[in-house]
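A short write-up of the structure that comes next.
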Amino acid sequence: MSHGHSPKEKVIYVGDSRVKKRVNPLLQPDYSAFPGKSEAFIPNFLLKEWMVGCVALVAFLVLTISEPAPLGYPADPNNTGFIPIPDWYFLFLYQFLKYPYASGSYVVFGTVLIPGIAFGALMLAPFLDTGKERRFYRRPIASSMMIVSLIAVVFLTKTAWNEYQHELKELNIIPEHIEREEKAREAAMEGKPTGQPKPNQEIALVDKDDPAMELMKKAGCLSCHGTDLKGGVGPSLRGLGDSLSQDDILKVLHEGPMKAQYEQALAAGVTEDEITSIAAWLAKQKSSTE
Amino acid sequence: MFKTVYNWIDERLDITPMWRDVADHEVPEHVNPAHHFSAFVYCFGGLTFFITVIQILSGMFLTMYYVPDIINAYYSVEYLQTKVAFGQIVRGMHHWGASLVIVMMFLHTLRVFFTGSYKAPREMNWVVGMLIFFIMLGLGFTGYLLPWDNKAYFATKVGMEIADTVPYIGPYVKELLQGGEIVGAQTLTRFFAIHVFFLPAALLAMLGAHFIMIRRQGISGPL
């Protein structure tokens with residue numbers, strides 16, 4: 001214990017690695033130097049500031065509720081007709097790269113040089129603009145460069161957006177997130193599933209232990225539709241209830257394409273009641289149970 | 001009771017200076033909108049932080065449902081958006097918050113620029129602030145891919161083509177981000193990791209530095 005310690009301190013340090021107190025303390029800003037009414041951050045200022053937070057939060061939630069986040073269709077790399085569009089805050093860069101002097105063989109100019117100089121200058125602004133003057137109208141060079149850049153960014157963003165809208169109109173494309181939402185709404189009105197069909201998705205059987213499964217075996221259905229109903233020679237019957245009702249299924253059997261098989265089943269000793277119960281069970285086979 | 005516990009801890013760890021550093025300071029009149037309405041321009045920094053906190057919280061809830069693989073990513077987002085209670089609100093907050101945080105940060109940057117607040121001795125805080133800006137843009141870029149719909153996929157593909165044009169390092173950067181020759185399964189998991197772990201960690205470190213510096217130096221004086 002090389003350092004002595006004050007008897008009032010509870011913690012005894014073996015050696016003292018604590019940072020030594022500065023001899024010349026760092027000058028803290030003293031707000032009494034500012035004229036006017038300073039107030040304590042906690043609680044005085046915070047008790048007013050939270051109202052700004054509330055107003056911002058309410059506005060934010062109103063936006064969130066009135067405009068659901070967009071979602072298009074699942075990514076398909078083979079889709080050749082899709083017009084790529086970045087998020088709005090990248091549009092100005094995206095538009096800049098469309099100009100002939102910033103694309104093709106000059107693309108380095110557009111992707112590295114100009115953005116590099118612009119963002120580099122912005123980042124190093126305090127070392128480029130070293131004067132003592134703080135008011136923007138007394139710093140004409142810095143301020144005018146910033147204002148010109150702002151105008152350029154706004155102009156490029158707006159041009160990019162207008163061109164995108166024009167392109168959509170010309171090719172008669174509805175953006176996917178709007179199309180998906182409308183189709184989902186239509187499907188919901190008709191009581192159909194609103195989601196995108198998932199490729200190779202395993203659809204679970206509903207009421208797997210229902211006697212209908214045994215009856216279908218007896219009626220010979222499973223020899224074509226598969227013992228697990230995932231299909232074989234005939235199509236899969238899983239999720240059949242999404243598109244057909246019990247009456248629809250009976251119609252397919254009685255007078256539709258499955259009439260011959262239906263008659264074979266009757267010949268094999270399956271009763272009409274049993275066929276009806278099979279149809280009722282198949283109508284319950286929905287891909288999603290909501 | 002509370003006071004006894006506090007004193008017990010304070011006696012051992014001397015925690016009073018820690019919260020005093022954060023809480024015990026004065027707000028000068030020229031930044032206080034209660035005195036001068038035009039001082040609302042000084043709110044943008046705080047609002048940026050407020051929305052960043054919302055982004056972190058809503059993002060944490062999104063990862064409870066999101067599955068970062070190319071087969072399930074889209075369907076997990078669709079499920080979250082259409083089936084999960086309040087899922088639409090949480091995803092909406094994260095989606096719109098991403099734009100709002102850019103807007104607020106932009107306004108905050110302009111306020112600092114036009115009031116000349118980045119001048120000595122606050123140069124370092126400006127540089128750190130710009131780094132935060134770039135991190136936020138990175139978060140926006142990587143987050144855009146995660147829903148894995150066509151818009152996300154093709155925007156990222158264009159982004160990769162742009163990265164590819166950078167002389168010398170471009171192709172390497174592209175391959176590092178993509179995790180291969182194409183935008184695919186590896187890209188999605190990489191962007192997920194970058195969006196959820198790498199960039200937020202960098203962001204929190206930079207925000208910490210930003211706040212420590214502003215507390216050390218105080219807010220810039222009136223013009």
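Identifiers in the structure tokens: chain A, B, ... in order shown; residue index from 1 per chain; ligand index from 1 in order shown.
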task: Within 6 Å of chain B, which residues of chain A are there when counting only C-alpha atoms? Please give them as number ranges by chain.
output: A: 29, 36-42, 64, 68-69, 72-75, 84-86, 123, 126, 134-136
query: Mind pulling up the distance from CA of Ile174 in chain A to CA of Ala188 in chain A?
result: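 Here the two named atoms are 20.1 Å from each other.
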task: Write out as a list of chain:residue names each polymer residue whose atoms come within 12 Å of range 105-117 of chain A, counting only C-alpha atoms; drop sequence neighbours fewer than 5 positions from it.
output: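 Residues near the query, excluding close chain neighbours: A:Phe90, A:Phe92, A:Leu93, A:Tyr94, A:Gln95, A:Phe96, A:Leu97, A:Lys98, A:Tyr99, A:Pro100, A:Leu122, A:Met123, A:Leu124, A:Ala125, A:Ser149, A:Val153, B:Gly159, B:Met160, B:Glu161, B:Ile162, B:Ala163, B:Asp164, B:Thr165, B:Val166, B:Pro167, B:Tyr168, B:Ile169, B:Gly170.
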Residue with smallest distance to Cys224 in chain A - pool A:Leu253, A:Ile151, A:Met258, A:Leu240, counting only C-alpha atoms: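 Among the listed residues, A:Met258 lies closest to Cys224 in chain A.
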